[in-house]
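query28.cif follows (mmCIF, C-alpha atoms and all ligand atoms):
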data_final
#
loop_
_atom_site.group_PDB
_atom_site.id
_atom_site.type_symbol
_atom_site.label_atom_id
_atom_site.label_comp_id
_atom_site.auth_asym_id
_atom_site.auth_seq_id
_atom_site.Cartn_x
_atom_site.Cartn_y
_atom_site.Cartn_z
ATOM 1 C CA MET X 180 -21.696 -9.573 -2.278
ATOM 2 C CA ILE X 181 -21.847 -5.872 -1.631
ATOM 3 C CA CYS X 182 -23.496 -4.692 1.563
ATOM 4 C CA GLY X 183 -24.553 -1.082 1.773
ATOM 5 C CA GLY X 184 -22.811 -0.420 -1.505
ATOM 6 C CA ALA X 185 -25.534 1.962 -2.630
ATOM 7 C CA ALA X 186 -23.908 4.519 -0.348
ATOM 8 C CA PHE X 187 -21.098 4.676 -2.863
ATOM 9 C CA GLY X 188 -20.734 6.112 -6.307
ATOM 10 C CA TRP X 189 -18.864 2.969 -7.367
ATOM 11 C CA ARG X 190 -21.831 2.028 -9.541
ATOM 12 C CA ARG X 191 -20.963 4.739 -12.020
ATOM 13 C CA PHE X 192 -17.620 3.087 -12.628
ATOM 14 C CA VAL X 193 -19.232 -0.327 -12.980
ATOM 15 C CA SER X 194 -21.985 0.963 -15.261
ATOM 16 C CA GLY X 195 -19.395 2.481 -17.560
ATOM 17 C CA GLU X 196 -20.773 5.989 -16.969
ATOM 18 C CA THR X 197 -17.270 6.787 -15.769
ATOM 19 C CA GLN X 198 -14.680 4.915 -17.789
ATOM 20 C CA MET X 199 -12.590 2.322 -16.024
ATOM 21 C CA THR X 200 -13.087 -0.815 -18.064
ATOM 22 C CA ASP X 201 -10.025 -0.329 -20.227
ATOM 23 C CA HIS X 202 -7.890 0.970 -17.403
ATOM 24 C CA GLN X 203 -4.502 -0.667 -17.493
ATOM 25 C CA LEU X 204 -1.297 0.600 -15.997
ATOM 26 C CA PRO X 205 1.025 2.388 -18.402
ATOM 27 C CA LEU X 206 3.946 0.274 -19.557
ATOM 28 C CA THR X 207 7.606 1.039 -19.066
ATOM 29 C CA ARG X 208 9.747 0.677 -22.162
ATOM 30 C CA THR X 209 11.585 -2.353 -20.898
ATOM 31 C CA GLU X 210 10.054 -3.726 -17.739
ATOM 32 C CA GLY X 211 6.288 -4.057 -18.232
ATOM 33 C CA PRO X 212 3.653 -2.228 -16.191
ATOM 34 C CA ARG X 213 4.645 0.481 -13.749
ATOM 35 C CA ALA X 214 2.708 1.783 -10.760
ATOM 36 C CA PHE X 215 4.918 4.616 -9.517
ATOM 37 C CA PHE X 216 4.549 8.119 -10.959
ATOM 38 C CA GLY X 217 5.468 10.431 -8.075
ATOM 39 C CA ARG X 218 8.646 12.157 -6.954
ATOM 40 C CA ARG X 219 11.639 10.105 -5.897
ATOM 41 C CA SER X 220 13.527 12.821 -4.048
ATOM 42 C CA GLY X 221 12.752 16.000 -2.168
ATOM 43 C CA LYS X 222 14.898 17.911 0.290
ATOM 44 C CA LYS X 223 18.363 16.467 0.876
ATOM 45 C CA LEU X 224 18.649 14.315 3.989
ATOM 46 C CA HIS X 225 20.390 16.257 6.755
ATOM 47 C CA GLY X 226 23.840 15.136 7.916
ATOM 48 C CA GLY X 227 22.806 12.891 10.843
ATOM 49 C CA GLN X 228 19.968 11.286 8.914
ATOM 50 C CA LYS X 229 22.197 10.647 5.902
ATOM 51 C CA ALA X 230 24.797 8.960 8.086
ATOM 52 C CA VAL X 231 22.148 6.662 9.621
ATOM 53 C CA VAL X 232 20.738 5.813 6.186
ATOM 54 C CA ASP X 233 24.170 5.164 4.680
ATOM 55 C CA ALA X 234 25.048 2.854 7.545
ATOM 56 C CA ALA X 235 21.762 0.973 7.912
ATOM 57 C CA LEU X 236 20.007 0.887 4.522
ATOM 58 C CA PRO X 237 22.317 -1.641 2.815
ATOM 59 C CA GLU X 238 21.397 -4.239 5.463
ATOM 60 C CA LEU X 239 17.687 -3.474 5.276
ATOM 61 C CA GLU X 240 17.205 -3.055 1.558
ATOM 62 C CA ILE X 241 15.746 -5.829 -0.580
ATOM 63 C CA LYS X 242 17.557 -6.183 -3.911
ATOM 64 C CA LEU X 243 15.550 -8.096 -6.456
ATOM 65 C CA GLU X 244 17.406 -10.712 -8.395
ATOM 66 C CA GLY X 245 14.650 -12.746 -10.007
ATOM 67 C CA ARG X 246 12.096 -14.320 -7.649
ATOM 68 C CA LEU X 247 11.970 -13.392 -3.966
ATOM 69 C CA ASP X 248 11.006 -15.848 -1.222
ATOM 70 C CA PRO X 249 10.092 -13.592 1.743
ATOM 71 C CA ARG X 250 10.558 -16.431 4.240
ATOM 72 C CA VAL X 251 14.280 -16.206 3.545
ATOM 73 C CA LEU X 252 14.227 -12.595 4.771
ATOM 74 C CA PHE X 253 12.578 -13.278 8.099
ATOM 75 C CA GLY X 254 13.525 -16.794 9.145
ATOM 76 C CA ASP X 255 10.774 -18.059 11.424
ATOM 77 C CA ALA X 256 8.329 -15.119 11.170
ATOM 78 C CA ARG X 257 4.753 -16.266 11.812
ATOM 79 C CA ARG X 258 3.213 -13.781 9.387
ATOM 80 C CA ILE X 259 4.474 -11.673 6.510
ATOM 81 C CA VAL X 260 2.926 -8.285 5.792
ATOM 82 C CA VAL X 261 3.667 -5.648 3.134
ATOM 83 C CA GLU X 262 2.955 -1.907 3.354
ATOM 84 C CA ILE X 263 2.937 -0.069 0.020
ATOM 85 C CA GLY X 264 3.828 3.644 0.049
ATOM 86 C CA TYR X 265 4.533 3.928 3.791
ATOM 87 C CA GLY X 266 5.376 7.649 3.502
ATOM 88 C CA GLY X 267 6.907 8.788 6.815
ATOM 89 C CA GLY X 268 6.608 5.212 8.144
ATOM 90 C CA GLU X 269 4.387 5.995 11.162
ATOM 91 C CA HIS X 270 2.075 3.027 10.574
ATOM 92 C CA LEU X 271 4.808 0.610 9.531
ATOM 93 C CA ALA X 272 7.046 1.375 12.526
ATOM 94 C CA ARG X 273 4.185 1.080 14.997
ATOM 95 C CA LYS X 274 2.944 -2.213 13.542
ATOM 96 C CA ALA X 275 6.455 -3.645 13.475
ATOM 97 C CA ALA X 276 6.955 -2.730 17.153
ATOM 98 C CA GLU X 277 3.561 -4.201 18.118
ATOM 99 C CA GLU X 278 4.072 -7.457 16.199
ATOM 100 C CA PRO X 279 7.695 -8.565 16.620
ATOM 101 C CA GLU X 280 6.894 -12.039 15.282
ATOM 102 C CA THR X 281 5.598 -10.678 11.986
ATOM 103 C CA GLY X 282 7.997 -9.853 9.159
ATOM 104 C CA PHE X 283 7.201 -6.503 7.501
ATOM 105 C CA ILE X 284 8.265 -5.376 4.038
ATOM 106 C CA GLY X 285 7.885 -1.633 3.515
ATOM 107 C CA CYS X 286 7.792 -0.269 -0.035
ATOM 108 C CA GLU X 287 8.533 3.419 -0.578
ATOM 109 C CA VAL X 288 10.337 5.287 -3.315
ATOM 110 C CA PHE X 289 10.536 8.805 -1.851
ATOM 111 C CA THR X 290 13.989 9.311 -0.310
ATOM 112 C CA GLY X 291 12.709 11.523 2.543
ATOM 113 C CA GLY X 292 10.282 8.773 3.633
ATOM 114 C CA ILE X 293 12.929 6.060 3.324
ATOM 115 C CA GLY X 294 15.256 8.185 5.500
ATOM 116 C CA LYS X 295 12.599 8.562 8.220
ATOM 117 C CA MET X 296 11.837 4.847 8.196
ATOM 118 C CA VAL X 297 15.486 3.812 8.386
ATOM 119 C CA GLN X 298 15.905 6.182 11.340
ATOM 120 C CA ALA X 299 12.844 4.705 13.107
ATOM 121 C CA ILE X 300 14.155 1.162 12.554
ATOM 122 C CA ALA X 301 17.550 2.140 14.001
ATOM 123 C CA GLU X 302 16.148 4.102 16.964
ATOM 124 C CA GLN X 303 13.534 1.499 17.911
ATOM 125 C CA GLU X 304 15.851 -1.412 17.078
ATOM 126 C CA LEU X 305 13.204 -3.057 14.895
ATOM 127 C CA GLY X 306 14.578 -6.369 13.674
ATOM 128 C CA ASN X 307 11.540 -7.433 11.669
ATOM 129 C CA VAL X 308 11.427 -4.841 8.862
ATOM 130 C CA ARG X 309 12.986 -4.895 5.402
ATOM 131 C CA LEU X 310 12.658 -2.151 2.821
ATOM 132 C CA PHE X 311 12.064 -2.138 -0.912
ATOM 133 C CA THR X 312 12.989 1.233 -2.423
ATOM 134 C CA ASP X 313 11.495 0.908 -5.909
ATOM 135 C CA ASP X 314 8.002 0.561 -7.429
ATOM 136 C CA ALA X 315 6.035 -1.836 -5.201
ATOM 137 C CA LEU X 316 4.558 -3.543 -8.260
ATOM 138 C CA LYS X 317 8.037 -4.912 -9.076
ATOM 139 C CA LEU X 318 8.170 -6.506 -5.633
ATOM 140 C CA LEU X 319 4.688 -8.015 -5.977
ATOM 141 C CA VAL X 320 5.569 -9.516 -9.353
ATOM 142 C CA ALA X 321 8.680 -11.161 -7.856
ATOM 143 C CA LEU X 322 6.849 -12.790 -4.913
ATOM 144 C CA PRO X 323 5.553 -16.387 -4.951
ATOM 145 C CA ASP X 324 1.834 -17.200 -4.791
ATOM 146 C CA ALA X 325 -0.004 -16.898 -1.464
ATOM 147 C CA CYS X 326 3.085 -15.846 0.521
ATOM 148 C CA LEU X 327 1.619 -12.787 2.298
ATOM 149 C CA ASP X 328 -0.858 -12.517 5.154
ATOM 150 C CA ALA X 329 -1.777 -8.900 4.513
ATOM 151 C CA VAL X 330 -1.000 -5.853 2.396
ATOM 152 C CA TYR X 331 -1.641 -2.255 3.505
ATOM 153 C CA LEU X 332 -2.181 0.547 0.983
ATOM 154 C CA LEU X 333 -2.845 3.633 3.121
ATOM 155 C CA TYR X 334 -3.704 6.966 1.540
ATOM 156 C CA PRO X 335 -2.232 6.207 -1.873
ATOM 157 C CA ASP X 336 -1.672 9.166 -4.209
ATOM 158 C CA PRO X 337 -5.221 10.039 -5.390
ATOM 159 C CA TRP X 338 -4.353 11.351 -8.877
ATOM 160 C CA PRO X 339 -7.604 13.386 -8.979
ATOM 161 C CA LYS X 340 -7.551 14.443 -12.645
ATOM 162 C CA THR X 341 -9.439 12.007 -14.870
ATOM 163 C CA ARG X 342 -6.562 11.791 -17.331
ATOM 164 C CA HIS X 343 -4.323 10.677 -14.432
ATOM 165 C CA HIS X 344 -6.665 8.006 -13.022
ATOM 166 C CA LYS X 345 -4.622 5.395 -14.854
ATOM 167 C CA ARG X 346 -1.767 6.224 -12.473
ATOM 168 C CA ARG X 347 -3.733 5.141 -9.399
ATOM 169 C CA PHE X 348 -2.134 2.210 -7.638
ATOM 170 C CA VAL X 349 -5.398 0.265 -7.643
ATOM 171 C CA SER X 350 -5.826 -1.208 -11.114
ATOM 172 C CA PRO X 351 -6.714 -4.583 -12.625
ATOM 173 C CA THR X 352 -2.979 -5.323 -12.921
ATOM 174 C CA THR X 353 -2.105 -4.587 -9.294
ATOM 175 C CA LEU X 354 -5.259 -6.257 -7.936
ATOM 176 C CA SER X 355 -4.475 -9.369 -9.886
ATOM 177 C CA GLU X 356 -0.941 -9.428 -8.401
ATOM 178 C CA LEU X 357 -2.291 -8.672 -4.909
ATOM 179 C CA GLY X 358 -4.793 -11.488 -5.318
ATOM 180 C CA ARG X 359 -2.013 -13.841 -6.327
ATOM 181 C CA VAL X 360 0.394 -13.035 -3.481
ATOM 182 C CA ILE X 361 -2.057 -12.645 -0.566
ATOM 183 C CA ARG X 362 -2.978 -16.056 0.807
ATOM 184 C CA PRO X 363 -6.637 -17.172 0.854
ATOM 185 C CA GLY X 364 -8.137 -15.686 4.024
ATOM 186 C CA GLY X 365 -5.504 -12.929 4.115
ATOM 187 C CA THR X 366 -6.461 -9.248 3.809
ATOM 188 C CA PHE X 367 -5.883 -6.290 1.527
ATOM 189 C CA TYR X 368 -6.296 -3.076 3.574
ATOM 190 C CA PHE X 369 -7.011 0.129 1.660
ATOM 191 C CA ALA X 370 -7.578 3.543 3.284
ATOM 192 C CA THR X 371 -8.286 6.894 1.647
ATOM 193 C CA ASP X 372 -9.916 10.237 2.396
ATOM 194 C CA ILE X 373 -10.841 10.710 -1.270
ATOM 195 C CA GLU X 374 -14.369 9.477 -1.967
ATOM 196 C CA ASP X 375 -13.742 9.145 -5.686
ATOM 197 C CA TYR X 376 -10.785 6.833 -5.000
ATOM 198 C CA ALA X 377 -12.929 4.826 -2.550
ATOM 199 C CA ASP X 378 -15.551 4.424 -5.301
ATOM 200 C CA TRP X 379 -12.871 3.532 -7.826
ATOM 201 C CA THR X 380 -11.403 0.878 -5.567
ATOM 202 C CA LEU X 381 -14.773 -0.697 -4.757
ATOM 203 C CA ALA X 382 -15.610 -0.844 -8.447
ATOM 204 C CA HIS X 383 -12.345 -2.673 -9.108
ATOM 205 C CA ILE X 384 -12.877 -5.017 -6.151
ATOM 206 C CA VAL X 385 -16.382 -5.888 -7.379
ATOM 207 C CA ARG X 386 -14.842 -6.939 -10.699
ATOM 208 C CA SER X 387 -11.887 -8.774 -9.197
ATOM 209 C CA SER X 388 -12.175 -12.510 -8.777
ATOM 210 C CA ALA X 389 -9.796 -12.530 -5.792
ATOM 211 C CA PHE X 390 -11.287 -10.190 -3.169
ATOM 212 C CA GLU X 391 -14.557 -9.709 -1.342
ATOM 213 C CA PHE X 392 -16.172 -6.718 0.336
ATOM 214 C CA LEU X 393 -18.022 -7.907 3.427
ATOM 215 C CA PRO X 394 -18.461 -4.964 5.804
ATOM 216 C CA GLU X 395 -20.008 -5.652 9.193
ATOM 217 C CA ARG X 396 -22.703 -3.053 8.504
ATOM 218 C CA PRO X 397 -23.257 -0.041 6.255
ATOM 219 C CA GLY X 398 -20.874 2.703 7.301
ATOM 220 C CA SER X 399 -18.506 0.450 9.265
ATOM 221 C CA TRP X 400 -15.887 1.314 6.623
ATOM 222 C CA HIS X 401 -15.602 4.775 8.207
ATOM 223 C CA GLU X 402 -14.302 3.273 11.463
ATOM 224 C CA PRO X 403 -10.499 3.206 11.654
ATOM 225 C CA TYR X 404 -8.756 -0.152 11.883
ATOM 226 C CA PRO X 405 -8.322 -1.456 15.467
ATOM 227 C CA GLY X 406 -5.394 0.285 17.186
ATOM 228 C CA TRP X 407 -5.189 2.830 14.365
ATOM 229 C CA GLN X 408 -2.803 5.749 14.644
ATOM 230 C CA PRO X 409 -3.325 8.474 12.010
ATOM 231 C CA THR X 410 -0.667 8.644 9.327
ATOM 232 C CA ARG X 411 0.920 11.869 8.170
ATOM 233 C CA TYR X 412 -1.405 12.058 5.143
ATOM 234 C CA GLU X 413 -4.467 11.480 7.263
ATOM 235 C CA GLN X 414 -3.410 14.368 9.502
ATOM 236 C CA LYS X 415 -2.903 16.539 6.422
ATOM 237 C CA ALA X 416 -6.373 15.594 5.149
ATOM 238 C CA ARG X 417 -7.961 16.604 8.464
ATOM 239 C CA ARG X 418 -6.092 19.937 8.477
ATOM 240 C CA GLU X 419 -7.430 20.557 4.977
ATOM 241 C CA GLY X 420 -11.007 19.810 6.098
ATOM 242 C CA ARG X 421 -11.435 16.288 4.757
ATOM 243 C CA MET X 422 -12.823 14.831 7.968
ATOM 244 C CA THR X 423 -14.009 11.417 6.785
ATOM 245 C CA SER X 424 -11.930 8.482 5.639
ATOM 246 C CA PHE X 425 -12.710 5.072 4.211
ATOM 247 C CA TYR X 426 -10.939 2.156 5.906
ATOM 248 C CA PHE X 427 -11.635 -0.880 3.751
ATOM 249 C CA SER X 428 -10.588 -4.457 4.534
ATOM 250 C CA PHE X 429 -10.925 -6.812 1.602
ATOM 251 C CA PRO X 430 -10.558 -10.519 2.459
ATOM 252 C CA ARG X 431 -8.811 -12.686 -0.122
ATOM 253 C CA LYS X 432 -11.364 -15.278 -1.190
ATOM 254 C CA LYS X 433 -10.734 -18.774 0.156
HETATM 255 C C1 LIG Z 1 0.000 10.132 -0.458
HETATM 256 S S1 LIG Z 1 1.413 9.373 0.166
HETATM 257 C C2 LIG Z 1 0.829 8.512 1.621
HETATM 258 C C3 LIG Z 1 1.923 8.110 2.559
HETATM 259 C C4 LIG Z 1 1.487 7.356 3.808
HETATM 260 N N1 LIG Z 1 0.888 6.077 3.481
HETATM 261 C C5 LIG Z 1 0.563 8.171 4.669
HETATM 262 O O1 LIG Z 1 -0.626 7.791 4.817
HETATM 263 O O2 LIG Z 1 1.023 9.178 5.238
HETATM 264 C C6 LIG Z 1 1.675 8.039 -0.972
HETATM 265 C C7 LIG Z 1 3.069 7.462 -0.909
HETATM 266 O O3 LIG Z 1 3.120 6.308 -1.740
HETATM 267 C C8 LIG Z 1 4.384 6.272 -2.382
HETATM 268 N N2 LIG Z 1 4.174 5.458 -3.605
HETATM 269 C C9 LIG Z 1 3.326 5.751 -4.615
HETATM 270 N N3 LIG Z 1 3.359 4.793 -5.562
HETATM 271 C C10 LIG Z 1 4.246 3.850 -5.112
HETATM 272 C C11 LIG Z 1 4.721 2.641 -5.674
HETATM 273 N N4 LIG Z 1 4.279 2.183 -6.847
HETATM 274 N N5 LIG Z 1 5.624 1.935 -4.964
HETATM 275 C C12 LIG Z 1 6.082 2.401 -3.769
HETATM 276 N N6 LIG Z 1 5.668 3.552 -3.197
HETATM 277 C C13 LIG Z 1 4.764 4.274 -3.870
HETATM 278 C C14 LIG Z 1 4.732 7.718 -2.643
HETATM 279 O O4 LIG Z 1 6.124 7.915 -2.784
HETATM 280 C C15 LIG Z 1 4.164 8.394 -1.394
HETATM 281 O O5 LIG Z 1 5.130 8.516 -0.385
#
Conversion result in structure tokens:
Amino acid sequence: MICGGAAFGWRRFVSGETQMTDHQLPLTRTEGPRAFFGRRSGKKLHGGQKAVVDAALPELEIKLEGRLDPRVLFGDARRIVVEIGYGGGEHLARKAAEEPETGFIGCEVFTGGIGKMVQAIAEQELGNVRLFTDDALKLLVALPDACLDAVYLLYPDPWPKTRHHKRRFVSPTTLSELGRVIRPGGTFYFATDIEDYADWTLAHIVRSSAFEFLPERPGSWHEPYPGWQPTRYEQKARREGRMTSFYFSFPRKK
């Protein structure tokens, strides 16, 4: 049940005033739905960074060959958590350092971000992180049911133009996969500074059978997660004058 939902424009998506009912992710020619539409590479990695990546990435990278049991990656990890689109890796590296008994899978496609994360793992000697360097949806599809404790999607690409909304990571397809792989009682964390994407996501959550929206009180979704450290995109948003963010936590229904 929605609490304080009237503060949001999500109703216009639900009412059909703004179209979302038929929203499905575009299909690839051969591999089914895709959820990545951004750039894969930017500036070349500089010499030192490239050497670190070349040496360390093969050991860290998850190669999908059919189904993936994440327990095999982390041995006796107490919890398993995925971060989708970790960007420069600030949040992922900090969480991994704070929770050494949790296994973290970071998904990012942009080579500059992957380079930064590999460097952080090497410098901080993080032994509990593995990286997936392709579309996160492919990883979700390969995971078994109820194997994750939490998934973070922090400041996903907003795709502001209406004709590009279908590229947003939150969609019926991805929510159905997230609902399948997050265990009952686990959490899907979603943060954005873009109100329209917050509305969009709430409208999808309201329709999803897997997740709930149970804020402590109206407006509590503007309070950062406990121990939060701003990500690079949050800092960019603040510099550009977007001073408010939405920090949603959606429990997986039990
Ligand atoms: C706007 S940036 C935010 C980065 C970071 N979370 C932050 O807050 O600074 C979104 C990131 O998600 C990545 N991304 C988008 N779609 C993805 C997908 N389907 N799988 C993996 N990464 C994805 C992009 O490459 C980009 O680095």
Taking a cut-off of 8 Å and counting all atoms listed in the file, can you build a table that, for each residue of chain X near ligand LIG 1 (chain Z), reports the nearest atom pair and how far apart they are in Å (one decimal), sorted by chain then residue number, as JSON lines?
{"residue": "X:Arg213", "atom": "CA", "partner": "Z:LIG1", "partner_atom": "N4", "distance": 7.1}
{"residue": "X:Ala214", "atom": "CA", "partner": "Z:LIG1", "partner_atom": "N4", "distance": 4.2}
{"residue": "X:Phe215", "atom": "CA", "partner": "Z:LIG1", "partner_atom": "N4", "distance": 3.7}
{"residue": "X:Phe216", "atom": "CA", "partner": "Z:LIG1", "partner_atom": "N3", "distance": 6.5}
{"residue": "X:Gly217", "atom": "CA", "partner": "Z:LIG1", "partner_atom": "O4", "distance": 5.9}
{"residue": "X:Arg218", "atom": "CA", "partner": "Z:LIG1", "partner_atom": "O4", "distance": 6.5}
{"residue": "X:Arg219", "atom": "CA", "partner": "Z:LIG1", "partner_atom": "O4", "distance": 6.7}
{"residue": "X:Ile263", "atom": "CA", "partner": "Z:LIG1", "partner_atom": "C12", "distance": 5.5}
{"residue": "X:Gly264", "atom": "CA", "partner": "Z:LIG1", "partner_atom": "O3", "distance": 3.3}
{"residue": "X:Tyr265", "atom": "CA", "partner": "Z:LIG1", "partner_atom": "N1", "distance": 4.2}
{"residue": "X:Gly266", "atom": "CA", "partner": "Z:LIG1", "partner_atom": "C3", "distance": 3.6}
{"residue": "X:Gly267", "atom": "CA", "partner": "Z:LIG1", "partner_atom": "O2", "distance": 6.1}
{"residue": "X:Gly268", "atom": "CA", "partner": "Z:LIG1", "partner_atom": "C4", "distance": 7.0}
{"residue": "X:Glu269", "atom": "CA", "partner": "Z:LIG1", "partner_atom": "O2", "distance": 7.5}
{"residue": "X:His270", "atom": "CA", "partner": "Z:LIG1", "partner_atom": "N1", "distance": 7.8}
{"residue": "X:Cys286", "atom": "CA", "partner": "Z:LIG1", "partner_atom": "C12", "distance": 4.9}
{"residue": "X:Glu287", "atom": "CA", "partner": "Z:LIG1", "partner_atom": "N6", "distance": 3.9}
{"residue": "X:Val288", "atom": "CA", "partner": "Z:LIG1", "partner_atom": "N6", "distance": 5.0}
{"residue": "X:Phe289", "atom": "CA", "partner": "Z:LIG1", "partner_atom": "O4", "distance": 4.6}
{"residue": "X:Gly292", "atom": "CA", "partner": "Z:LIG1", "partner_atom": "O5", "distance": 6.5}
{"residue": "X:Thr312", "atom": "CA", "partner": "Z:LIG1", "partner_atom": "C12", "distance": 7.1}
{"residue": "X:Asp313", "atom": "CA", "partner": "Z:LIG1", "partner_atom": "C12", "distance": 6.0}
{"residue": "X:Asp314", "atom": "CA", "partner": "Z:LIG1", "partner_atom": "N5", "distance": 3.7}
{"residue": "X:Ala315", "atom": "CA", "partner": "Z:LIG1", "partner_atom": "N5", "distance": 3.8}
{"residue": "X:Leu316", "atom": "CA", "partner": "Z:LIG1", "partner_atom": "N4", "distance": 5.9}
{"residue": "X:Leu332", "atom": "CA", "partner": "Z:LIG1", "partner_atom": "N1", "distance": 6.8}
{"residue": "X:Leu333", "atom": "CA", "partner": "Z:LIG1", "partner_atom": "N1", "distance": 4.5}
{"residue": "X:Tyr334", "atom": "CA", "partner": "Z:LIG1", "partner_atom": "O1", "distance": 4.6}
{"residue": "X:Pro335", "atom": "CA", "partner": "Z:LIG1", "partner_atom": "C6", "distance": 4.4}
{"residue": "X:Asp336", "atom": "CA", "partner": "Z:LIG1", "partner_atom": "C1", "distance": 4.2}
{"residue": "X:Pro337", "atom": "CA", "partner": "Z:LIG1", "partner_atom": "C1", "distance": 7.2}
{"residue": "X:Phe348", "atom": "CA", "partner": "Z:LIG1", "partner_atom": "N3", "distance": 6.4}
{"residue": "X:Pro409", "atom": "CA", "partner": "Z:LIG1", "partner_atom": "O1", "distance": 7.7}
{"residue": "X:Thr410", "atom": "CA", "partner": "Z:LIG1", "partner_atom": "O2", "distance": 4.5}
{"residue": "X:Arg411", "atom": "CA", "partner": "Z:LIG1", "partner_atom": "O2", "distance": 4.0}
{"residue": "X:Tyr412", "atom": "CA", "partner": "Z:LIG1", "partner_atom": "O2", "distance": 3.8}
{"residue": "X:Glu413", "atom": "CA", "partner": "Z:LIG1", "partner_atom": "O1", "distance": 5.9}
Give as a VMD selection string the residues that the PyMOL selection byres (((chain X and resi 401) around 7) and not hetatm) matches when applied to the coordinates above. chain X and resid 398 to 400 402 to 403 423 to 426
From the set X:Val260, X:Ala321, X:Leu271, X:Ala382, which residue has the shortest atom-to-atom contact distance to Trp407 (chain X), counting all atoms listed in the file?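 For Trp407 (chain X), the nearest of the candidates is X:Leu271.
Of the residues under consideration (X:Gly254, X:Pro394, X:Pro237, X:Gly358), X:Gly358 shows the shortest atom-to-atom contact distance to Leu327 (chain X) when counting only C-alpha atoms.
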Nearest to Ile284 (chain X), chosen from X:Gln303, X:Thr380, X:Val232, X:Arg309, with only C-alpha atoms counted in the distances: X:Arg309
Smallest atom-to-atom distance to Ala256 (chain X): which of X:Gln298, X:Ser355, X:Gln228, X:Asn307, using all atoms listed in the file?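 Of X:Gln298, X:Ser355, X:Gln228, X:Asn307, the one nearest Ala256 (chain X) is X:Asn307, counting all atoms listed in the file.
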Write out as JSON, numbers by chain which residues come within 9 Å of Ala235 (chain X) when counting only C-alpha atoms, dropping same-chain ones fewer than 6 positions away. {"X": [297, 298, 300, 301]}
